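Undergrad: My questions will all concern the structure given below.
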Amino acid sequence: MAYLPHTQAERESMLSSLGLAEIDDLFADIPLSARSPDALGLPKALSEWQLQQRMLKRAQENQSLDQLVSFLGSGFYDRFIPSVVAQLAARGEFSTAYTPYQPELSQGTLAAIFEFQTMIASLTGMDAAQASLYDGASAAAEAALLAMAETGRKMVGMAKTLHPEVREVVRTYIEARGGIADVIQDVATEHPDLSQAAAVIWPYPDILGGVMGFPRAVSQAKNHGALAVCYADPIALALLRSPGELGADIVIGEGQALGNGLNYGGPGFGFFAVTKRLVRRLPGRLVGETTDHQGRRGFVLTLQAREQHIRRDKATSNVCSNHSLNALKATIYLSLLGPSGLRGIAQLSLNKAHYLRNRLKTIGVHPVKEEPVLFEFAVKVPGSVAQLNHWLLERGILGGADLGRWDPDWEHYWQLAVTELRTRQELDALVEEVNAWIESQ
């Protein structure tokens with residue numbers, strides 16, 4: 001502990017005050033079996049300059065999307081972010097602000113969150129949206145808990161084509177509450193007994209790129225008295241019929257694609273929208289519009305569902321906060337683009353994805369689904385997806401997700417994401433490299 005800024009006399013004085021002889025006595029409650037029998041083997045301490053050089057060398061071993069052409073998506077996407085998004089979000093009143101408990105001091109923050117909620121409600125076609133959650137997966141879990149509380153049922157059905165990692169988060173949450181997570185293969189051909197289901201969670205689009213399943217999933221849920229929960233891609237909603245229009249009770253999803261960088265996979269934010277009858281069961285917080293005693297427009301925290309704010313037995317969630325800075329970036333991004341701009345980005349991504357899908361067909365790499373897709377789709381490759389991705393990485397291309405790593409039924413399934421940033425030259429180069437890899441097998 002010599003690196004601490006205390007003298008030996010100061011350390012001895014503190015230990016004496018605790019009635020201890022040496023620092024190791026602080027850890028006496030830890031069983032010897034749980035301790036490392038050897039020293040940690042840490043290298044000799046470096047000077048500040050030496051440490052900077054060591055870290056710089058290690059950092060140079062990484063490859064970023066400044067060097068790679070990315071076709072990897074599966075929830076987080078390489079999209080263009082206007083520079084003004086980061087510029088505005090970095091303002092001190094946003095980047096250092098704390099929870100807006102005092103509305104008279106937090107009108108700017110509350111107004112921004114209110115606009116975010118309004119945009120999400122409009123995009124999803126729902127009556128209300130809350131102030132954001134930690135990520136899409138935890139939003140899905142909170143939706144499952146809401147459905148269990150609303151219906152009094154314990155089982156939650158999840159589509160197999162919902163991202164497996166999202167399914168695992170939902171399972172972790174609800175099983176801790178005595179719930180049961182069940183995977184639904186296909187509502188079009190399989191009609192499981194959903195009479196005990198609190199909710200059916202269906203992706204829109206799904207992990208294979210399909211968009212046709214959700215309307216049928218809504219019907220199945222409604223027929224059995226379960227809530228219809230849509231796990232949606234926010235960019236895709238610019239082109240698709242809104243989940244609210246299709247009858248969804250809850251719409252959730254990951255919002256990273258809306259003006260937030262990849263940043264090693266986070267942070268992003270989860271969005272959460274509901275019909276009017278479920279508003280009082282929303283997790284987290286809801287910013288509402290009001291007027292002051294002079295009739296001026298203002299904003300307040302209308303609903304706060306956490307047990308810190310209300311009696312524990314009345315709490316609907318233990319969500320502590322919202323990802324307000326990330327949601328703010330989404331608000332700025334959506335404000336800059338507007339409805340037509342967002343549709344333009346989605347349409348451009350769709351056009352490029354269809355171009356790539358058709359080019360891959362010419363070399364014998366066919367889609368898993370022939371139904372319409374947007375900007376993300378799965379193909380079946382003749383060999384190991386991991387080996388293909390390694391081949392591509394050596395050539396400066398970050399390949400798509402290997403779906404077989406999550407499910408043996410998806411062995412050889414390669415999920416590709418095409419955003420507005422990909423050029424025709426990059427799409428053609430990918431096809432050429434995939435063809436070269438196939439010929440090398």
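Chain labels run A, B, ... following the order of the structure tokens; each chain numbers its residues from 1, and ligands are numbered from 1 in the order shown.
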So which residues touch A:Val379 within 9 Å, counting only C-alpha atoms, skipping near sequence neighbours fewer than 4 positions away, as a list in words?
TA: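 So the residues in contact are Leu208, Arg357, Leu360, Val365, His366, Pro367, Val368, Lys369, His412, Tyr413, Trp414, Gln415 and Leu416 of chain A.
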Undergrad: Restricted to C-alpha atoms, what would the selected residues look like written as a compact mmCIF listing (two decimals), in the first residue's frame?
TA:
# COMPACT_ATOMS: atom_id res chain seq x y z
CA LEU A 208 -33.01 -12.59 -39.35
CA ARG A 357 -28.30 -8.97 -50.79
CA LEU A 360 -24.43 -11.94 -52.66
CA VAL A 365 -24.80 -16.76 -50.78
CA HIS A 366 -28.56 -16.70 -50.31
CA PRO A 367 -30.77 -15.01 -47.70
CA VAL A 368 -32.15 -17.08 -44.87
CA LYS A 369 -35.50 -15.37 -45.52
CA HIS A 412 -23.70 -20.78 -40.84
CA TYR A 413 -26.11 -17.84 -40.49
CA TRP A 414 -24.33 -14.53 -41.09
CA GLN A 415 -26.17 -11.34 -40.14
CA LEU A 416 -25.19 -8.25 -42.12
Undergrad: Give the helix (DSSP H, G or I) residues of stretch 174-309 of chain A, as assigned by DSSP on the backbone, as a list in words.
TA: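 Taking stretch 174-309 of chain A and keeping helix (DSSP H, G or I) gives Ile174, Glu175, Ala176, Gly213, Phe214, Pro215, Arg216, Ala217, Val218, Ser219, Gln220, Ala221, Lys222, Asn223, Ala236, Leu237, Ala238, Asn263, Tyr264, Gly265, Lys276, Arg277, Leu278, Val279, Arg280 and Arg281 of chain A.
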Undergrad: Would you mind writing down, as an NGL selection string, each residue of stretch 229-369 of chain A that DSSP on the backbone assigns to strand (DSSP E)?
TA: :A and (229-232 or 250-254 or 270-274 or 285-291 or 297-304 or 366-367)
Undergrad: For the selection just defined, write its residues with N, CA and C atoms to a file, as a PDB file, in the first residue's frame.
TA:
ATOM      1  N   VAL A 229     -46.028  -6.846 -26.921  1.00  0.00           N
ATOM      2  CA  VAL A 229     -44.843  -6.017 -26.694  1.00  0.00           C
ATOM      3  C   VAL A 229     -43.974  -6.065 -27.946  1.00  0.00           C
ATOM      4  N   CYS A 230     -43.632  -4.901 -28.462  1.00  0.00           N
ATOM      5  CA  CYS A 230     -42.827  -4.794 -29.676  1.00  0.00           C
ATOM      6  C   CYS A 230     -41.428  -4.309 -29.324  1.00  0.00           C
ATOM      7  N   TYR A 231     -40.411  -5.088 -29.694  1.00  0.00           N
ATOM      8  CA  TYR A 231     -39.019  -4.664 -29.558  1.00  0.00           C
ATOM      9  C   TYR A 231     -38.604  -4.118 -30.916  1.00  0.00           C
ATOM     10  N   ALA A 232     -38.553  -2.796 -31.041  1.00  0.00           N
ATOM     11  CA  ALA A 232     -38.443  -2.151 -32.342  1.00  0.00           C
ATOM     12  C   ALA A 232     -37.099  -1.490 -32.566  1.00  0.00           C
ATOM     13  N   ILE A 250     -47.087  -2.150 -25.692  1.00  0.00           N
ATOM     14  CA  ILE A 250     -45.819  -1.594 -25.219  1.00  0.00           C
ATOM     15  C   ILE A 250     -44.823  -1.652 -26.372  1.00  0.00           C
ATOM     16  N   VAL A 251     -44.061  -0.596 -26.541  1.00  0.00           N
ATOM     17  CA  VAL A 251     -42.995  -0.580 -27.545  1.00  0.00           C
ATOM     18  C   VAL A 251     -41.694  -0.208 -26.844  1.00  0.00           C
ATOM     19  N   ILE A 252     -40.677  -1.023 -27.047  1.00  0.00           N
ATOM     20  CA  ILE A 252     -39.387  -0.828 -26.410  1.00  0.00           C
ATOM     21  C   ILE A 252     -38.300  -0.985 -27.464  1.00  0.00           C
ATOM     22  N   GLY A 253     -37.075  -0.643 -27.126  1.00  0.00           N
ATOM     23  CA  GLY A 253     -35.979  -0.866 -28.049  1.00  0.00           C
ATOM     24  C   GLY A 253     -34.712  -0.180 -27.599  1.00  0.00           C
ATOM     25  N   GLU A 254     -33.665  -0.411 -28.355  1.00  0.00           N
ATOM     26  CA  GLU A 254     -32.360   0.206 -28.120  1.00  0.00           C
ATOM     27  C   GLU A 254     -32.248   1.443 -29.004  1.00  0.00           C
ATOM     28  N   GLY A 270     -32.381   2.862 -23.544  1.00  0.00           N
ATOM     29  CA  GLY A 270     -33.581   2.126 -23.905  1.00  0.00           C
ATOM     30  C   GLY A 270     -34.766   3.069 -23.971  1.00  0.00           C
ATOM     31  N   PHE A 271     -35.615   2.905 -24.988  1.00  0.00           N
ATOM     32  CA  PHE A 271     -36.845   3.691 -25.021  1.00  0.00           C
ATOM     33  C   PHE A 271     -38.027   2.797 -24.667  1.00  0.00           C
ATOM     34  N   PHE A 272     -39.085   3.423 -24.145  1.00  0.00           N
ATOM     35  CA  PHE A 272     -40.195   2.663 -23.564  1.00  0.00           C
ATOM     36  C   PHE A 272     -41.468   3.486 -23.743  1.00  0.00           C
ATOM     37  N   ALA A 273     -42.391   2.984 -24.560  1.00  0.00           N
ATOM     38  CA  ALA A 273     -43.639   3.692 -24.837  1.00  0.00           C
ATOM     39  C   ALA A 273     -44.824   2.762 -24.619  1.00  0.00           C
ATOM     40  N   VAL A 274     -45.954   3.345 -24.209  1.00  0.00           N
ATOM     41  CA  VAL A 274     -47.122   2.538 -23.846  1.00  0.00           C
ATOM     42  C   VAL A 274     -48.409   3.205 -24.321  1.00  0.00           C
ATOM     43  N   ARG A 285     -39.251   7.379 -14.909  1.00  0.00           N
ATOM     44  CA  ARG A 285     -39.898   8.668 -14.693  1.00  0.00           C
ATOM     45  C   ARG A 285     -40.522   9.190 -15.976  1.00  0.00           C
ATOM     46  N   LEU A 286     -41.519  10.035 -15.780  1.00  0.00           N
ATOM     47  CA  LEU A 286     -42.242  10.650 -16.886  1.00  0.00           C
ATOM     48  C   LEU A 286     -42.284  12.159 -16.647  1.00  0.00           C
ATOM     49  N   VAL A 287     -41.787  12.914 -17.614  1.00  0.00           N
ATOM     50  CA  VAL A 287     -41.836  14.376 -17.537  1.00  0.00           C
ATOM     51  C   VAL A 287     -43.138  14.849 -18.171  1.00  0.00           C
ATOM     52  N   GLY A 288     -43.844  15.718 -17.466  1.00  0.00           N
ATOM     53  CA  GLY A 288     -45.109  16.236 -17.971  1.00  0.00           C
ATOM     54  C   GLY A 288     -45.083  17.744 -18.144  1.00  0.00           C
ATOM     55  N   GLU A 289     -46.006  18.237 -18.956  1.00  0.00           N
ATOM     56  CA  GLU A 289     -46.140  19.668 -19.210  1.00  0.00           C
ATOM     57  C   GLU A 289     -47.213  20.253 -18.303  1.00  0.00           C
ATOM     58  N   THR A 290     -46.967  21.443 -17.797  1.00  0.00           N
ATOM     59  CA  THR A 290     -47.918  22.096 -16.899  1.00  0.00           C
ATOM     60  C   THR A 290     -47.825  23.607 -17.105  1.00  0.00           C
ATOM     61  N   THR A 291     -48.468  24.350 -16.251  1.00  0.00           N
ATOM     62  CA  THR A 291     -48.340  25.814 -16.246  1.00  0.00           C
ATOM     63  C   THR A 291     -48.082  26.283 -14.827  1.00  0.00           C
ATOM     64  N   ARG A 297     -45.965  28.183 -19.589  1.00  0.00           N
ATOM     65  CA  ARG A 297     -45.671  26.775 -19.837  1.00  0.00           C
ATOM     66  C   ARG A 297     -44.449  26.342 -19.042  1.00  0.00           C
ATOM     67  N   GLY A 298     -44.547  25.156 -18.438  1.00  0.00           N
ATOM     68  CA  GLY A 298     -43.430  24.623 -17.670  1.00  0.00           C
ATOM     69  C   GLY A 298     -43.468  23.109 -17.653  1.00  0.00           C
ATOM     70  N   PHE A 299     -42.441  22.502 -17.028  1.00  0.00           N
ATOM     71  CA  PHE A 299     -42.301  21.052 -17.040  1.00  0.00           C
ATOM     72  C   PHE A 299     -41.958  20.546 -15.645  1.00  0.00           C
ATOM     73  N   VAL A 300     -42.473  19.355 -15.325  1.00  0.00           N
ATOM     74  CA  VAL A 300     -42.249  18.752 -14.007  1.00  0.00           C
ATOM     75  C   VAL A 300     -42.110  17.249 -14.167  1.00  0.00           C
ATOM     76  N   LEU A 301     -41.574  16.608 -13.139  1.00  0.00           N
ATOM     77  CA  LEU A 301     -41.585  15.147 -13.097  1.00  0.00           C
ATOM     78  C   LEU A 301     -42.969  14.715 -12.653  1.00  0.00           C
ATOM     79  N   THR A 302     -43.783  14.287 -13.606  1.00  0.00           N
ATOM     80  CA  THR A 302     -45.180  13.950 -13.324  1.00  0.00           C
ATOM     81  C   THR A 302     -45.312  12.607 -12.626  1.00  0.00           C
ATOM     82  N   LEU A 303     -44.575  11.612 -13.118  1.00  0.00           N
ATOM     83  CA  LEU A 303     -44.632  10.277 -12.525  1.00  0.00           C
ATOM     84  C   LEU A 303     -43.223   9.812 -12.202  1.00  0.00           C
ATOM     85  N   GLN A 304     -43.058   9.261 -11.002  1.00  0.00           N
ATOM     86  CA  GLN A 304     -41.798   8.655 -10.582  1.00  0.00           C
ATOM     87  C   GLN A 304     -42.140   7.347  -9.885  1.00  0.00           C
ATOM     88  N   HIS A 366     -27.141 -17.033 -50.244  1.00  0.00           N
ATOM     89  CA  HIS A 366     -28.557 -16.697 -50.315  1.00  0.00           C
ATOM     90  C   HIS A 366     -29.120 -16.290 -48.950  1.00  0.00           C
ATOM     91  N   PRO A 367     -30.147 -15.434 -48.954  1.00  0.00           N
ATOM     92  CA  PRO A 367     -30.775 -15.011 -47.698  1.00  0.00           C
ATOM     93  C   PRO A 367     -31.436 -16.176 -46.981  1.00  0.00           C
TER      94      PRO A 367
END
Undergrad: I want to know what sits within 10 Å of A:Tyr204, based on only C-alpha atoms, with residues of the same chain fewer than 4 positions away left out; could you give that as number ranges by chain?
TA: A: 161-162, 209-215, 230-234, 236-237, 240, 242-243, 251, 253
Undergrad: May I have the selected residues written with C-alpha atoms, as an mmCIF file, in the first residue's frame?
TA:
data_model
loop_
_atom_site.group_PDB
_atom_site.id
_atom_site.type_symbol
_atom_site.label_atom_id
_atom_site.label_comp_id
_atom_site.auth_asym_id
_atom_site.auth_seq_id
_atom_site.Cartn_x
_atom_site.Cartn_y
_atom_site.Cartn_z
ATOM 1 C CA THR A 161 -35.981 -14.296 -33.382
ATOM 2 C CA LEU A 162 -35.708 -11.723 -30.576
ATOM 3 C CA GLY A 209 -34.273 -9.403 -40.973
ATOM 4 C CA GLY A 210 -37.947 -10.282 -41.237
ATOM 5 C CA VAL A 211 -40.741 -7.795 -40.562
ATOM 6 C CA MET A 212 -43.817 -9.909 -41.268
ATOM 7 C CA GLY A 213 -44.161 -11.687 -37.925
ATOM 8 C CA PHE A 214 -45.129 -8.852 -35.609
ATOM 9 C CA PRO A 215 -48.717 -8.237 -36.820
ATOM 10 C CA CYS A 230 -42.827 -4.794 -29.676
ATOM 11 C CA TYR A 231 -39.019 -4.664 -29.558
ATOM 12 C CA ALA A 232 -38.443 -2.151 -32.342
ATOM 13 C CA ASP A 233 -35.546 -0.621 -34.251
ATOM 14 C CA PRO A 234 -36.063 3.160 -34.160
ATOM 15 C CA ALA A 236 -36.748 1.052 -39.119
ATOM 16 C CA LEU A 237 -39.859 2.709 -37.692
ATOM 17 C CA LEU A 240 -42.595 0.577 -41.205
ATOM 18 C CA SER A 242 -45.893 2.014 -36.368
ATOM 19 C CA PRO A 243 -46.313 -0.630 -33.644
ATOM 20 C CA VAL A 251 -42.995 -0.580 -27.545
ATOM 21 C CA GLY A 253 -35.979 -0.866 -28.049
#
Undergrad: Which neighbours of A:Gly284 fall inside 8 Å, counting only C-alpha atoms, when residues of the same chain fewer than 2 positions from it are skipped, and could you give them as a count of residues only?
TA: 15
Undergrad: Give me the residues near A:Ile363 as a list in words, where near means some atom within 12 Å (using only C-alpha atoms) and where sequence neighbours in that chain fewer than 4 positions away do not count.
TA: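 Skipping anything fewer than 4 positions along the chain leaves Leu356, Arg357, Asn358, Arg359, Pro367, Val379, Lys380, Val381, Pro382, Asp428, Leu430, Val431, Glu432, Glu433, Val434, Asn435, Ala436, Trp437, Ile438 and Glu439 of chain A.
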Undergrad: Excluding A:Ala144 and residues on its chain fewer than 3 positions from it, collect all residues at most 8 Å away from it, counting only C-alpha atoms, and give them as a list in words.
TA: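 Everything that qualifies: Ala140, Ala141, Ala147, Met148, Val156, Val170, Ile174, Ala198 and Ala199 of chain A.
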Undergrad: Go ahead and write the residues just picked, N, CA and C atoms, as a short mmCIF file (atom, residue, chain, number, x, y, z; two decimals), in the first residue's frame.
TA:
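For reference, part.cif as written:
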data_model
loop_
_atom_site.label_atom_id
_atom_site.label_comp_id
_atom_site.auth_asym_id
_atom_site.auth_seq_id
_atom_site.Cartn_x
_atom_site.Cartn_y
_atom_site.Cartn_z
N ALA A 140 -36.75 -4.18 -22.28
CA ALA A 140 -37.56 -5.38 -22.54
C ALA A 140 -37.90 -6.09 -21.24
N ALA A 141 -36.93 -6.16 -20.33
CA ALA A 141 -37.18 -6.80 -19.04
C ALA A 141 -38.22 -6.02 -18.24
N ALA A 147 -45.97 -6.18 -17.66
CA ALA A 147 -47.02 -7.07 -18.12
C ALA A 147 -47.44 -8.07 -17.04
N MET A 148 -46.49 -8.57 -16.29
CA MET A 148 -46.80 -9.49 -15.19
C MET A 148 -47.65 -8.81 -14.14
N VAL A 156 -43.98 -15.21 -19.65
CA VAL A 156 -43.73 -14.25 -20.71
C VAL A 156 -43.20 -15.00 -21.92
N VAL A 170 -34.14 -10.58 -20.15
CA VAL A 170 -35.53 -10.71 -19.71
C VAL A 170 -35.69 -11.90 -18.78
N ILE A 174 -37.15 -11.68 -14.87
CA ILE A 174 -38.46 -12.20 -14.46
C ILE A 174 -38.36 -13.47 -13.63
N ALA A 198 -48.38 -13.41 -19.76
CA ALA A 198 -48.57 -11.99 -19.44
C ALA A 198 -48.30 -11.13 -20.66
N ALA A 199 -47.35 -11.57 -21.50
CA ALA A 199 -46.97 -10.79 -22.67
C ALA A 199 -46.34 -11.68 -23.71
#
